[in-house]
file target_21.csv (CSV, C-alpha atoms)
chain,number,residue,atom,x,y,z
A,10,MET,CA,29.2,24.6,105.6
A,11,THR,CA,30.5,27.4,107.7
A,12,GLU,CA,32.4,30.2,106.1
A,13,ILE,CA,35.9,30.9,107.3
A,14,ASP,CA,36.6,34.6,107.8
A,15,PHE,CA,40.3,35.3,107.1
A,16,PHE,CA,40.4,38.2,109.6
A,17,ASP,CA,39.2,35.9,112.3
A,18,ILE,CA,42.2,33.8,111.7
A,19,LEU,CA,44.4,36.8,112.2
A,20,GLN,CA,43.2,37.2,115.7
A,21,GLY,CA,45.4,36.0,118.5
A,22,GLN,CA,48.8,34.3,117.9
A,23,VAL,CA,48.9,34.7,114.1
A,24,ALA,CA,48.4,38.4,114.4
A,25,ALA,CA,51.1,38.6,117.1
A,26,PHE,CA,53.6,36.7,114.9
A,27,LEU,CA,52.8,38.8,111.8
A,28,LEU,CA,53.4,42.0,113.8
A,29,VAL,CA,56.6,40.7,115.3
A,30,LEU,CA,57.7,39.7,111.8
A,31,ALA,CA,56.9,43.2,110.4
A,32,ARG,CA,59.0,45.0,113.0
A,33,THR,CA,61.8,42.5,112.6
A,34,SER,CA,61.8,42.9,108.8
A,35,GLY,CA,62.3,46.7,109.3
A,36,ILE,CA,65.9,46.2,110.5
A,37,PHE,CA,66.7,44.1,107.3
A,38,LEU,CA,65.8,47.1,105.1
A,39,ILE,CA,68.7,49.4,105.9
A,40,SER,CA,70.8,48.3,109.0
A,41,PRO,CA,74.4,47.3,108.6
A,42,PHE,CA,75.1,43.6,108.1
A,43,PHE,CA,71.4,42.7,108.2
A,44,GLY,CA,70.4,45.0,105.4
A,45,ALA,CA,73.4,44.3,103.0
A,46,THR,CA,72.0,44.4,99.5
A,47,ASN,CA,74.6,41.9,98.2
A,48,VAL,CA,72.7,39.2,100.3
A,49,SER,CA,69.7,37.8,98.4
A,50,TYR,CA,66.2,38.9,99.4
A,51,ARG,CA,65.2,35.3,100.1
A,52,PHE,CA,68.0,34.8,102.6
A,53,ARG,CA,67.2,38.1,104.3
A,54,ALA,CA,63.5,37.2,104.4
A,55,GLY,CA,64.4,33.8,105.8
A,56,ALA,CA,66.6,35.4,108.5
A,57,ALA,CA,63.9,37.8,109.4
A,58,VAL,CA,61.4,34.9,109.9
A,59,ALA,CA,64.0,33.0,111.9
A,60,ILE,CA,64.6,35.9,114.3
A,61,ALA,CA,60.9,36.5,114.6
A,62,VAL,CA,60.4,32.9,115.5
A,63,LEU,CA,63.1,33.1,118.2
A,64,VAL,CA,61.8,36.3,119.8
A,65,PHE,CA,58.1,35.5,119.4
A,66,PRO,CA,57.7,33.4,122.5
A,67,VAL,CA,59.4,36.1,124.6
A,68,ILE,CA,57.2,38.8,123.2
A,69,VAL,CA,53.8,37.1,123.6
A,70,LYS,CA,54.8,36.1,127.1
A,71,GLU,CA,55.2,39.7,128.2
A,72,THR,CA,52.8,41.5,125.8
A,73,VAL,CA,49.1,41.0,125.2
A,74,VAL,CA,48.4,41.3,121.4
A,75,THR,CA,45.0,42.2,120.1
A,76,ALA,CA,44.5,42.6,116.4
A,77,PRO,CA,42.8,45.8,115.2
A,78,ALA,CA,39.2,45.9,114.4
A,79,SER,CA,39.6,45.8,110.6
A,80,VAL,CA,42.0,44.6,107.9
A,81,ILE,CA,42.8,48.2,107.0
A,82,MET,CA,43.7,49.1,110.5
A,83,PHE,CA,45.8,45.9,110.7
A,84,ALA,CA,47.7,47.0,107.6
A,85,GLY,CA,48.3,50.4,109.2
A,86,THR,CA,49.7,48.7,112.3
A,87,VAL,CA,52.0,46.6,110.1
A,88,ALA,CA,53.3,49.7,108.5
A,89,GLN,CA,54.0,51.2,112.0
A,90,GLU,CA,55.9,48.1,113.0
A,91,ILE,CA,58.0,48.2,109.9
A,92,PHE,CA,58.8,51.9,110.6
A,93,ILE,CA,59.9,51.1,114.1
A,94,GLY,CA,62.3,48.4,112.9
A,95,TRP,CA,63.5,50.7,110.0
A,96,LEU,CA,64.3,53.4,112.5
A,97,ILE,CA,66.5,51.1,114.6
A,98,GLY,CA,68.3,50.1,111.4
A,99,PHE,CA,68.6,53.7,110.2
A,100,VAL,CA,70.4,54.9,113.3
A,101,ALA,CA,72.9,52.1,112.8
A,102,PHE,CA,73.2,52.9,109.1
A,103,VAL,CA,74.0,56.6,109.9
A,104,ALA,CA,77.2,55.5,111.7
A,105,MET,CA,78.4,53.5,108.7
A,106,ALA,CA,77.5,56.4,106.3
A,107,ALA,CA,79.9,58.6,108.3
A,108,ILE,CA,82.7,56.1,107.6
A,109,ASN,CA,81.9,56.2,103.9
A,110,MET,CA,82.0,60.0,104.0
A,111,ALA,CA,85.4,59.9,105.7
A,112,GLY,CA,86.6,57.6,103.0
A,113,LYS,CA,85.5,59.9,100.2
A,114,ILE,CA,87.2,62.9,101.8
A,115,MET,CA,90.4,61.0,102.3
A,116,ASP,CA,90.3,59.6,98.7
A,117,MET,CA,89.8,63.1,97.3
A,118,GLN,CA,92.8,64.4,99.3
A,119,VAL,CA,95.1,61.5,98.6
A,120,GLY,CA,94.2,61.0,95.0
A,121,PHE,CA,92.4,57.7,95.0
A,122,SER,CA,89.1,59.2,94.0
A,123,VAL,CA,89.9,58.4,90.3
A,124,ALA,CA,89.8,54.7,91.1
A,125,ASN,CA,86.5,53.8,92.8
A,126,VAL,CA,85.4,50.2,93.3
A,127,MET,CA,82.0,48.7,93.1
A,128,ASP,CA,80.5,48.2,96.6
A,129,PRO,CA,78.5,45.0,96.7
A,130,THR,CA,76.6,46.0,99.8
A,131,SER,CA,75.1,49.1,98.2
A,132,GLY,CA,75.4,48.4,94.5
A,133,GLN,CA,77.2,51.7,93.8
A,134,GLN,CA,80.7,52.9,93.3
A,135,ALA,CA,82.6,53.5,96.6
A,136,PRO,CA,86.0,55.0,97.3
A,137,LEU,CA,89.0,52.7,97.9
A,138,ILE,CA,89.8,54.0,101.4
A,139,GLY,CA,86.1,54.3,102.3
A,140,SER,CA,85.5,50.6,101.3
A,141,PHE,CA,88.5,49.6,103.4
A,142,LEU,CA,87.4,51.5,106.4
A,143,TYR,CA,83.8,50.3,106.0
A,144,TYR,CA,84.6,46.6,105.9
A,145,LEU,CA,87.0,47.0,108.8
A,146,ALA,CA,84.2,48.7,110.7
A,147,ILE,CA,81.8,45.8,109.8
A,148,ILE,CA,84.3,43.2,111.0
A,149,TYR,CA,84.8,45.1,114.3
A,150,PHE,CA,81.0,45.5,114.5
A,151,LEU,CA,80.6,41.7,114.3
A,152,ILE,CA,83.5,41.0,116.6
A,153,THR,CA,82.1,43.2,119.3
A,154,ASN,CA,78.6,41.6,118.9
A,155,GLY,CA,77.1,44.8,117.5
A,156,HIS,CA,74.5,42.6,115.6
A,157,HIS,CA,73.5,41.2,118.9
A,158,MET,CA,73.0,44.7,120.2
A,159,ILE,CA,70.6,45.5,117.3
A,160,ILE,CA,68.6,42.4,118.1
A,161,THR,CA,68.6,43.3,121.7
A,162,ALA,CA,67.3,46.8,120.8
A,163,LEU,CA,64.6,45.1,118.7
A,164,VAL,CA,63.4,43.0,121.6
A,165,GLU,CA,63.6,46.0,124.0
A,166,SER,CA,61.4,48.0,121.5
A,167,PHE,CA,58.7,45.3,121.9
A,168,ARG,CA,58.8,45.9,125.7
A,169,ARG,CA,58.8,49.7,125.4
A,170,ILE,CA,56.4,50.2,122.4
A,171,PRO,CA,53.3,48.0,122.4
A,172,PHE,CA,51.7,46.8,119.3
A,173,ASP,CA,49.3,49.3,117.8
A,174,GLY,CA,50.5,51.7,120.5
A,175,LEU,CA,52.7,53.9,118.4
A,176,ILE,CA,52.0,57.5,119.3
A,177,TRP,CA,53.5,59.9,116.8
A,178,ASN,CA,55.9,62.3,118.5
A,179,PRO,CA,57.1,65.4,116.5
A,180,ALA,CA,60.5,65.0,118.3
A,181,ILE,CA,61.3,62.0,116.0
A,182,LEU,CA,61.8,64.4,113.1
A,183,ASP,CA,64.3,66.5,115.0
A,184,PHE,CA,66.0,63.3,116.1
A,185,ILE,CA,66.4,62.0,112.6
A,186,ILE,CA,67.7,65.4,111.4
A,187,ASN,CA,70.2,65.6,114.2
A,188,ILE,CA,71.7,62.2,113.7
A,189,THR,CA,71.8,62.8,110.0
A,190,ASN,CA,73.7,66.0,110.5
A,191,THR,CA,76.4,64.0,112.4
A,192,VAL,CA,77.3,62.1,109.2
A,193,PHE,CA,79.5,64.9,107.9
A,194,LEU,CA,80.9,65.9,111.3
A,195,THR,CA,81.9,62.4,112.2
A,196,GLY,CA,83.3,61.8,108.7
A,197,MET,CA,85.5,65.0,109.1
A,198,LYS,CA,86.7,63.8,112.5
A,199,ILE,CA,87.9,60.5,111.0
A,200,ALA,CA,89.5,62.1,107.9
A,201,MET,CA,91.1,65.0,109.8
A,202,PRO,CA,94.6,63.5,110.3
A,203,VAL,CA,95.0,62.5,106.6
A,204,THR,CA,93.4,65.8,105.4
A,205,PHE,CA,95.8,67.8,107.7
A,206,ALA,CA,98.8,65.8,106.6
A,207,ILE,CA,98.0,66.5,102.9
A,208,LEU,CA,97.4,70.1,103.7
A,209,ILE,CA,100.9,70.4,105.2
A,210,THR,CA,102.3,68.6,102.2
A,211,ASN,CA,100.6,71.0,99.8
A,212,VAL,CA,102.1,73.9,101.8
A,213,GLY,CA,105.5,72.4,101.5
A,214,MET,CA,105.1,71.8,97.8
A,215,GLY,CA,104.0,75.4,97.4
A,216,ILE,CA,107.2,76.6,99.1
A,217,LEU,CA,109.3,74.3,96.9
A,218,ALA,CA,107.6,75.5,93.8
A,219,ARG,CA,108.6,79.1,94.7
A,220,THR,CA,112.2,78.3,95.7
A,221,MET,CA,112.8,75.7,92.9
A,222,PRO,CA,110.9,76.8,89.8
A,223,GLN,CA,112.7,74.2,87.7
A,224,MET,CA,111.1,71.3,89.6
A,225,ASN,CA,107.9,70.0,88.1
A,226,ILE,CA,105.7,70.2,91.2
A,227,PHE,CA,102.8,68.2,89.6
A,228,VAL,CA,105.1,65.2,88.9
A,229,VAL,CA,106.4,65.1,92.4
A,230,GLY,CA,103.2,66.1,94.2
A,231,ILE,CA,101.0,63.2,93.0
A,232,PRO,CA,103.2,60.3,94.3
A,233,MET,CA,104.0,62.4,97.4
A,234,HIS,CA,100.2,62.6,98.2
A,235,LEU,CA,99.9,58.8,97.8
A,236,ILE,CA,102.9,58.0,100.0
A,237,ILE,CA,102.0,60.4,102.8
A,238,GLY,CA,98.3,59.6,102.6
A,239,THR,CA,98.9,55.9,102.8
A,240,PHE,CA,101.4,56.3,105.6
A,241,MET,CA,99.0,58.4,107.6
A,242,LEU,CA,96.2,56.0,107.0
A,243,PHE,CA,98.2,53.1,108.5
A,244,MET,CA,99.2,55.3,111.4
A,245,LEU,CA,95.6,56.1,111.9
A,246,LEU,CA,94.3,52.5,112.1
A,247,PRO,CA,94.9,51.9,115.9
A,248,PHE,CA,93.2,55.1,116.7
A,249,TYR,CA,90.4,54.3,114.2
A,250,ILE,CA,89.6,51.1,116.2
A,251,LEU,CA,89.3,53.2,119.4
A,252,PHE,CA,87.1,55.7,117.5
A,253,LEU,CA,84.9,52.8,116.4
A,254,ASP,CA,84.4,51.9,120.1
A,255,VAL,CA,83.2,55.5,120.8
A,256,MET,CA,81.1,55.6,117.7
A,257,PHE,CA,79.3,52.3,118.3
A,258,SER,CA,78.6,53.3,121.9
A,259,GLU,CA,77.0,56.5,120.6
A,260,MET,CA,75.1,54.4,118.0
A,261,TYR,CA,73.6,52.2,120.7
A,262,ALA,CA,72.7,55.2,122.8
A,263,ASN,CA,70.9,56.8,119.8
A,264,ILE,CA,69.0,53.6,119.2
A,265,SER,CA,67.9,53.6,122.9
A,266,ASN,CA,66.9,57.3,122.6
A,267,ALA,CA,64.9,56.6,119.4
A,268,ILE,CA,62.9,53.9,121.3
A,269,LYS,CA,62.4,56.2,124.3
A,270,ILE,CA,60.8,58.8,122.0
A,271,PHE,CA,58.0,56.5,121.1
A,272,THR,CA,57.7,55.0,124.6
A,273,PRO,CA,54.2,56.0,126.0
call {"tool": "encode", "arguments": {"input": "target_21.csv", "output": "structure tokens"}}
result
Amino acid sequence: MTEIDFFDILQGQVAAFLLVLARTSGIFLISPFFGATNVSYRFRAGAAVAIAVLVFPVIVKETVVTAPASVIMFAGTVAQEIFIGWLIGFVAFVAMAAINMAGKIMDMQVGFSVANVMDPTSGQQAPLIGSFLYYLAIIYFLITNGHHMIITALVESFRRIPFDGLIWNPAILDFIINITNTVFLTGMKIAMPVTFAILITNVGMGILARTMPQMNIFVVGIPMHLIIGTFMLFMLLPFYILFLDVMFSEMYANISNAIKIFTP
């Protein structure tokens, strides 16, 4: 009876599918919509397998896959593939993190920071305005087929970065740091109208406190912040949608730049 070597089975099509599945699974770890933690792991794993099955015929038709010489090297290749998928999802995650940052800044200024809600996508407490802006961004992300763009970037990464062909480029660290730094800057851009309106309100309240000492400024100031902050938020919504167009375009460009860094 001949012995069956498990590693021999990994050669060829099985190896190709496992590597495709590994890179596909990376986007389900952190990317918006795909990596939502309120979705069960079984469903996310099944979705990753389904996408891998769909893109597998396209990938093997254009790419020649050869399994590494040992199981240890194969495991290292799987880790590289997961990292590539994770990087694509991380770039998309940064854009959504900026929206949460903007929501926290606006909640702090308006006064909603004392009433956080539980965010099912992250399992942590999230600001009210931040949750509203985040879910609105997710809806717009799906309407504009942003999830299709992530899958397209995944397929393009197979064409640009061959299996077991990842060459570490120190520029990737600078790239990750740069896009992470944009979280606070983008959040401030989104929250600037509400923050500026509350600042003007505080200046006006300060003048009233000096001219009318008998008025309890704290009793008047809190509801005034809520009214003006909510009004400015609804005034901001049409421009927020336009800002999402720009932000998503930058996100797709950053994903393309991340893939180009690893392109041989």
call {"tool": "residues_around", "arguments": {"input": "target_21.csv", "residues": "Ile91 (chain A)", "least_positions_apart": "3", "cutoff": "8 Å", "atoms": "all atoms listed in the file", "output": "PyMOL selection string"}}
result
chain A and resi 31-35+87-88+94-95
call {"tool": "atom_distance", "arguments": {"input": "target_21.csv", "atom1": "CA of Thr210 (chain A)", "atom2": "CA of Thr239 (chain A)"}}
result
13.2 Å
call {"tool": "residues_around", "arguments": {"input": "target_21.csv", "residues": "Gly196 (chain A)", "least_positions_apart": "6", "cutoff": "7 Å", "atoms": "only C-alpha atoms", "output": "MDAnalysis selection string"}}
result
chainID A and resid 107:108 110:111
call {"tool": "residues_near_point", "arguments": {"input": "target_21.csv", "point": "(78.0, 60.8, 103.6)", "cutoff": "10 Å", "atoms": "all atoms listed in the file", "output": "list in words"}}
result
Val103, Ala104, Met105, Ala106, Ala107, Ile108, Asn109, Met110, Ala111, Gly112, Lys113, Ile114, Thr189, Asn190, Thr191, Val192, Phe193, Leu194, Thr195 and Gly196 of chain A
call {"tool": "atom_distance", "arguments": {"input": "target_21.csv", "atom1": "CA of Asp116 (chain A)", "atom2": "CA of Tyr249 (chain A)"}}
result
16.4 Å
call {"tool": "closest_residue", "arguments": {"input": "target_21.csv", "among": "A:Phe26, A:Pro171, A:Pro179, A:Val203", "to": "Ile236 (chain A)", "atoms": "all atoms listed in the file"}}
result
A:Val203
call {"tool": "atom_distance", "arguments": {"input": "target_21.csv", "atom1": "CA of Gly139 (chain A)", "atom2": "CA of Tyr261 (chain A)"}}
result
22.3 Å
call {"tool": "closest_residue", "arguments": {"input": "target_21.csv", "among": "A:Val23, A:Leu145, A:Ile160, A:Ile185", "to": "Asn266 (chain A)", "atoms": "only C-alpha atoms"}}
result
A:Ile185
